[in-house]
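Peer 1: Below is the file data_15.txt, which contains compact mmCIF, C-alpha atoms.
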# COMPACT_ATOMS: atom_id res chain seq x y z
CA MET P 33 6.08 24.96 -18.96
CA ALA P 34 5.83 28.23 -17.07
CA ARG P 35 4.69 28.00 -13.46
CA ARG P 36 1.00 28.88 -13.04
CA ASP P 37 0.27 29.89 -9.48
CA GLN P 38 -3.25 31.29 -9.66
CA ALA P 39 -4.21 31.06 -13.33
CA LEU P 40 -7.82 32.09 -13.97
CA SER P 41 -9.20 32.43 -17.48
CA LYS P 42 -12.57 32.70 -19.23
CA THR P 43 -13.58 29.92 -21.56
CA GLY P 44 -15.07 30.57 -24.97
CA GLU P 45 -18.65 29.94 -23.94
CA GLY P 46 -20.72 31.93 -21.49
CA ASP P 47 -19.23 32.77 -18.12
CA GLN P 48 -17.78 29.36 -17.27
CA LEU P 49 -14.54 29.76 -15.34
CA THR P 50 -11.51 27.61 -16.04
CA LEU P 51 -9.17 27.09 -13.09
CA ALA P 52 -5.62 25.87 -13.62
CA LEU P 53 -3.51 23.97 -11.11
CA PRO P 54 0.06 25.15 -10.52
CA TYR P 55 2.74 23.13 -12.27
CA TRP P 56 5.32 21.11 -10.32
CA PRO P 57 8.11 18.71 -11.39
CA ASP P 58 7.31 15.18 -12.44
CA THR P 59 9.26 13.85 -9.44
CA ASP P 60 6.86 15.54 -7.00
CA ARG P 61 3.25 15.29 -5.89
CA ALA P 62 1.30 18.16 -4.31
CA ALA P 63 -1.85 18.86 -2.31
CA PRO P 64 -3.46 21.84 -0.53
CA ARG P 65 -2.05 22.25 2.97
CA PRO P 66 -5.37 21.78 4.83
CA PHE P 67 -5.57 18.29 3.27
CA LEU P 68 -2.18 17.40 4.80
CA LEU P 69 -2.54 19.19 8.13
CA SER P 70 -5.77 17.51 9.20
CA GLY P 71 -7.68 14.31 9.74
CA LEU P 72 -9.17 14.46 6.22
CA PHE P 73 -6.92 11.53 5.19
CA PRO P 74 -6.29 10.00 8.61
CA VAL P 75 -4.43 6.96 9.84
CA VAL P 76 -7.18 4.31 9.78
CA LYS P 77 -6.67 0.81 11.15
CA ARG P 78 -7.79 -1.89 8.73
CA GLY P 79 -11.47 -2.75 9.21
CA THR P 80 -12.30 0.37 11.24
CA ARG P 81 -13.30 2.80 8.46
CA ARG P 82 -16.33 4.82 9.61
CA ARG P 83 -19.21 6.66 7.97
CA LEU P 84 -19.06 10.38 8.76
CA GLU P 85 -22.07 12.72 8.87
CA SER P 86 -20.95 16.36 8.73
CA GLU P 87 -18.28 15.41 11.24
CA GLU P 88 -15.71 18.02 12.20
CA VAL P 89 -12.18 16.66 11.94
CA ALA P 90 -9.10 18.14 13.57
CA VAL P 91 -7.11 20.58 11.44
CA TRP P 92 -4.03 22.71 12.06
CA GLY P 93 -4.48 26.47 11.90
CA ASP P 94 -7.47 28.75 11.56
CA HIS P 95 -9.76 26.35 9.71
CA ILE P 96 -12.90 24.31 10.32
CA LEU P 97 -13.14 21.11 8.29
CA ARG P 98 -16.29 18.97 8.07
CA VAL P 99 -16.64 15.71 6.19
CA THR P 100 -19.67 13.67 5.12
CA GLY P 101 -19.14 10.24 3.59
CA GLN P 102 -17.09 7.12 4.06
CA GLN P 103 -13.88 7.87 5.92
CA MET P 104 -10.87 8.28 3.65
CA ASP P 105 -7.27 7.34 4.45
CA GLN P 106 -3.70 7.71 3.23
CA GLY P 107 -4.31 5.25 0.41
CA ASP P 108 -7.05 7.55 -0.87
CA LEU P 109 -4.62 10.46 -0.61
CA ASP P 110 -2.20 8.47 -2.81
CA THR P 111 -4.98 8.26 -5.40
CA LEU P 112 -5.83 11.95 -5.20
CA LEU P 113 -2.17 12.98 -5.42
CA GLU P 114 -1.72 10.99 -8.63
CA LEU P 115 -4.89 12.43 -10.19
CA LEU P 116 -3.88 15.99 -9.27
CA HIS P 117 -0.44 15.32 -10.73
CA ARG P 118 -1.94 14.31 -14.06
CA ALA P 119 -4.44 17.16 -14.09
CA ARG P 120 -1.79 19.85 -13.55
CA SER P 121 -0.87 19.94 -17.25
CA GLN P 122 -4.43 20.54 -18.51
CA GLU P 123 -7.61 22.44 -17.70
CA THR P 124 -9.22 21.01 -14.59
CA THR P 125 -12.52 20.63 -16.48
CA ALA P 126 -10.85 18.13 -18.83
CA PRO P 127 -10.98 14.44 -17.87
CA VAL P 128 -7.89 12.58 -16.73
CA GLU P 129 -7.77 9.62 -19.11
CA THR P 130 -5.85 6.64 -17.81
CA SER P 131 -6.32 3.05 -16.67
CA ALA P 132 -6.45 1.31 -13.33
CA ARG P 133 -3.14 -0.47 -13.86
CA GLU P 134 -1.37 2.67 -15.06
CA LEU P 135 -2.50 4.61 -12.00
CA LEU P 136 -1.49 1.79 -9.67
CA ARG P 137 1.96 1.49 -11.26
CA CYS P 138 2.60 5.21 -10.85
CA MET P 139 1.46 4.98 -7.23
CA GLY P 140 4.03 2.23 -6.61
CA LYS P 141 1.37 -0.42 -6.00
CA LYS P 142 0.74 -3.88 -7.44
CA THR P 143 -1.60 -4.12 -10.43
CA GLY P 144 -3.60 -7.29 -9.81
CA GLY P 145 -7.36 -7.65 -9.72
CA THR P 146 -7.60 -7.01 -5.98
CA GLN P 147 -5.67 -3.76 -6.32
CA CYS P 148 -7.81 -2.65 -9.30
CA THR P 149 -10.93 -3.24 -7.20
CA TRP P 150 -9.43 -1.22 -4.34
CA LEU P 151 -8.56 1.63 -6.71
CA GLY P 152 -12.12 1.82 -8.01
CA GLN P 153 -13.41 1.96 -4.44
CA SER P 154 -10.85 4.65 -3.56
CA ILE P 155 -11.97 6.85 -6.47
CA GLU P 156 -15.60 6.36 -5.44
CA ARG P 157 -14.77 7.52 -1.90
CA LEU P 158 -13.12 10.64 -3.30
CA GLN P 159 -16.20 11.26 -5.41
CA ASN P 160 -18.85 10.53 -2.79
CA ASN P 161 -17.34 12.50 0.08
CA SER P 162 -18.59 16.01 0.73
CA ILE P 163 -15.99 18.33 2.24
CA GLN P 164 -16.49 21.77 3.74
CA ILE P 165 -13.48 23.90 4.66
CA THR P 166 -14.09 27.20 6.43
CA SER P 167 -11.37 29.79 7.03
CA ASN P 168 -11.85 33.06 8.89
CA GLY P 169 -15.58 32.38 9.15
CA ARG P 170 -16.00 31.97 5.37
CA ALA P 171 -16.43 28.77 3.37
CA THR P 172 -13.38 28.42 1.13
CA TYR P 173 -14.25 25.01 -0.34
CA GLN P 174 -17.36 22.88 -0.35
CA GLY P 175 -18.03 19.82 -2.45
CA SER P 176 -16.59 16.51 -3.52
CA LEU P 177 -13.02 15.99 -4.73
CA ILE P 178 -14.00 14.14 -7.91
CA GLN P 179 -16.80 15.42 -10.11
CA GLU P 180 -17.16 12.51 -12.58
CA PHE P 181 -15.86 8.96 -12.73
CA LEU P 182 -16.36 6.89 -15.88
CA ARG P 183 -14.99 3.33 -15.89
CA ASP P 184 -14.97 0.62 -18.55
CA GLU P 185 -15.52 -2.50 -16.48
CA LYS P 186 -13.97 -4.72 -19.15
CA THR P 187 -10.80 -2.77 -19.96
CA GLN P 188 -10.52 -0.81 -16.68
CA ALA P 189 -10.04 2.37 -18.73
CA TYR P 190 -10.81 5.47 -16.65
CA LYS P 191 -12.03 8.98 -17.38
CA ILE P 192 -11.95 11.07 -14.21
CA VAL P 193 -12.89 14.74 -13.83
CA LEU P 194 -11.67 16.42 -10.66
CA ASN P 195 -13.75 19.12 -9.02
CA PRO P 196 -12.46 22.22 -10.91
CA ARG P 197 -12.70 24.32 -7.74
CA LEU P 198 -9.87 22.28 -6.23
CA ALA P 199 -7.53 24.62 -8.09
CA GLU P 200 -8.63 27.48 -5.83
CA MET P 201 -7.25 25.57 -2.85
CA PHE P 202 -3.76 25.89 -4.39
CA GLY P 203 -4.02 29.70 -4.66
CA GLY P 204 -1.35 31.88 -3.09
CA GLY P 205 1.10 29.00 -2.90
CA ASN P 206 -1.05 27.37 -0.20
CA TYR P 207 0.06 23.87 -1.09
CA THR P 208 2.80 21.42 -0.17
CA ARG P 209 5.00 19.40 -2.46
CA MET P 210 6.37 15.95 -1.62
CA ILE P 211 8.86 13.79 -3.48
CA GLN P 212 6.98 10.78 -4.83
CA GLU P 213 9.92 8.41 -4.44
CA VAL P 214 10.25 9.34 -0.77
CA ARG P 215 6.53 8.96 -0.08
CA GLN P 216 6.52 5.52 -1.70
CA ALA P 217 9.51 4.46 0.41
CA LEU P 218 7.70 5.20 3.68
CA LYS P 219 6.42 2.02 5.31
CA THR P 220 3.39 3.11 7.34
CA ASP P 221 0.35 5.32 6.92
CA LEU P 222 1.47 7.39 9.90
CA SER P 223 4.89 8.07 8.35
CA LYS P 224 3.14 9.13 5.12
CA TRP P 225 0.83 11.45 7.06
CA LEU P 226 3.81 12.89 8.93
CA TYR P 227 5.62 13.55 5.63
CA GLY P 228 2.87 15.90 4.48
CA TYR P 229 2.73 17.52 7.91
CA VAL P 230 6.48 18.06 8.18
CA ASN P 231 6.81 19.44 4.65
CA SER P 232 4.06 21.94 5.40
CA HIS P 233 6.18 23.62 8.11
CA ARG P 234 9.55 25.34 7.81
CA ALA P 235 10.94 23.78 11.01
CA THR P 236 14.41 25.32 10.78
CA LEU P 237 17.35 24.73 13.11
CA GLU P 238 16.88 28.25 14.51
CA ASN P 239 13.11 27.84 14.79
CA PRO P 240 12.09 24.15 15.07
CA HIS P 241 8.46 23.19 14.76
CA ARG P 242 6.93 22.30 18.13
CA VAL P 243 3.61 20.56 18.64
CA LYS P 244 2.11 18.83 21.67
CA LEU P 245 1.41 15.11 21.42
CA SER P 246 -2.14 15.87 22.56
CA THR P 247 -2.53 18.17 19.54
CA LEU P 248 -0.78 15.97 16.98
CA LYS P 249 -2.64 12.75 17.67
CA PRO P 250 -6.14 14.11 16.76
CA LEU P 251 -4.69 15.64 13.58
CA THR P 252 -3.54 12.20 12.43
CA GLY P 253 -6.94 10.68 13.19
CA SER P 254 -5.27 7.79 14.99
CA ARG P 255 -7.42 5.92 17.51
CA ALA P 256 -4.52 4.02 19.04
CA THR P 257 -3.84 4.27 22.76
CA ASP P 258 -1.53 7.10 23.76
CA LYS P 259 1.24 4.61 24.51
CA LYS P 260 0.85 2.85 21.15
CA PHE P 261 0.62 6.16 19.29
CA ARG P 262 3.88 7.33 20.86
CA GLU P 263 5.57 4.10 19.71
CA MET P 264 4.18 4.50 16.17
CA LEU P 265 5.20 8.15 16.13
CA ARG P 266 8.79 7.40 17.08
CA ALA P 267 9.03 4.81 14.30
CA GLY P 268 7.44 7.16 11.77
CA LEU P 269 9.70 10.09 12.64
CA GLU P 270 12.76 7.87 12.41
CA GLN P 271 11.66 6.80 8.91
CA LEU P 272 11.46 10.45 7.90
CA LYS P 273 14.95 11.06 9.26
CA GLU P 274 16.28 8.07 7.32
CA GLN P 275 14.72 9.48 4.14
CA GLY P 276 16.24 12.91 4.72
CA VAL P 277 12.89 14.60 5.37
CA LEU P 278 13.91 15.43 8.95
CA ALA P 279 17.32 16.48 10.18
CA ASP P 280 16.36 15.67 13.76
CA TRP P 281 13.39 15.06 16.03
CA GLU P 282 12.67 14.80 19.73
CA ILE P 283 9.76 14.01 22.04
CA THR P 284 10.33 15.88 25.29
CA ALA P 285 9.43 14.69 28.76
CA GLN P 286 6.59 17.24 28.67
CA GLY P 287 5.06 15.54 25.62
CA VAL P 288 6.16 18.10 23.03
CA VAL P 289 7.30 16.92 19.59
CA VAL P 290 10.21 19.01 18.27
CA LEU P 291 10.94 18.74 14.54
CA THR P 292 13.83 20.14 12.48
CA ARG P 293 14.07 19.90 8.73
CA PRO P 294 17.32 19.91 6.72
CA GLU P 295 18.43 23.26 5.35
CA ARG P 296 17.34 23.82 1.78
CA ALA P 297 18.80 26.05 -0.90
CA VAL P 298 16.61 29.10 -1.49
CA VAL P 299 15.24 29.49 -5.00
CA PRO P 300 14.66 33.25 -5.41
CA GLU P 301 12.18 32.92 -8.29
CA THR P 302 9.77 30.76 -6.28
CA PRO P 303 10.28 31.62 -2.58
CA ARG P 304 7.00 29.91 -1.53
CA LEU P 305 7.10 26.83 -3.72
CA GLY P 306 4.84 24.85 -1.44
CA TYR P 307 7.41 24.21 1.27
CA GLY P 308 5.77 25.64 4.33
CA PRO P 309 4.10 28.88 5.37
Could you spell out this file's structure in structure tokens?
Peer 2:
Amino acid sequence: MARRDQALSKTGEGDQLTLALPYWPDTDRAAPRPFLLSGLFPVVKRGTRRRLESEEVAVWGDHILRVTGQQMDQGDLDTLLELLHRARSQETTAPVETSARELLRCMGKKTGGTQCTWLGQSIERLQNNSIQITSNGRATYQGSLIQEFLRDEKTQAYKIVLNPRLAEMFGGGNYTRMIQEVRQALKTDLSKWLYGYVNSHRATLENPHRVKLSTLKPLTGSRATDKKFREMLRAGLEQLKEQGVLADWEITAQGVVVLTRPERAVVPETPRLGYGP
């Protein structure tokens, strides 16, 4: 299937607009960069999920991001990534038809009753949250992530319609791809958050990515002590190095995190295929 970067087309009725997601390989998952460079899907300690009321969360770059609803986490991002992956081969107004167990299997999770209950709650959080992203003083996205959620309580069959406007967030190559197998191999929510963050920056040997600990911690949403966060960060970065996501990393005495990614072969046809600005 040909790559669709910013496909916009009129439907047959009225002026309804159909927005298409870009297409990426089956081995990958993808999300808009502001989702991965912010506290939208933070590192949340079990039992500490909060209710947000138009709360501004930290975000990298020239954006303002406000969230209303029950706090989401990296597990909810797993759910969204899988739904976006399935929706990329169809119009975003069409429902994703699947089942709880099928989704869980593809997410690398167990498929028991407890996990099915969690998945239903995760989808409800994605549906009930209201998100407002403002860039350069203009609202670029406002609304929920899921528009409709239909569930057969007996069979656990799902019909899920994503917010069609999500496709606009992928415009101009402003998204990041991650290898699903690598994401599933990561052991902690912080290492998963870091994977999206690292893959959203070039971080070359000649020009490593540098970020202060005092800047990075709010982006992750972690409420751990500074000492504990540093310990968790070291472990998470080492996981990324083991998985080949990072070539090297360092935390300087001045509290600056220095990240270098492995060199990648350049693909001339798609020079901005979601791998950094």
Peer 1: Find the distance between CA of Ile165 in chain P and CA of Tyr207 in chain P and write it in Å to one decimal.
Peer 2: 14.7 Å
Peer 1: Mind giving me the straight-line distance from CA of Trp56 in chain P to CA of Ser121 in chain P in Å, one decimal?
Peer 2: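 Separating CA of Trp56 in chain P from CA of Ser121 in chain P is a distance of 9.4 Å.
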Peer 1: Please provide the set of residues having any atom within 12 Å of range 253-267 of chain P, restricted to only C-alpha atoms, with same-chain residues fewer than 5 positions apart removed, written as a PyMOL selection string.
Peer 2: chain P and resi 68-78+80-82+88-91+103-106+218-227+244-248+272-274+280-284+287-291
Peer 1: Calculate how many Å separate CA of Gln159 in chain P from CA of Leu112 in chain P, rounding to one decimal.
Peer 2: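 Going from CA of Gln159 in chain P over to CA of Leu112 in chain P, I get 10.4 Å.
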Peer 1: Could you pull the residues within 10 Å of Gln147 in chain P, counting only C-alpha atoms, minus those fewer than 5 positions along the same chain, as a list of chain:residue names?
Peer 2: P:Ala132, P:Arg133, P:Leu136, P:Lys141, P:Lys142, P:Gly152, P:Gln153
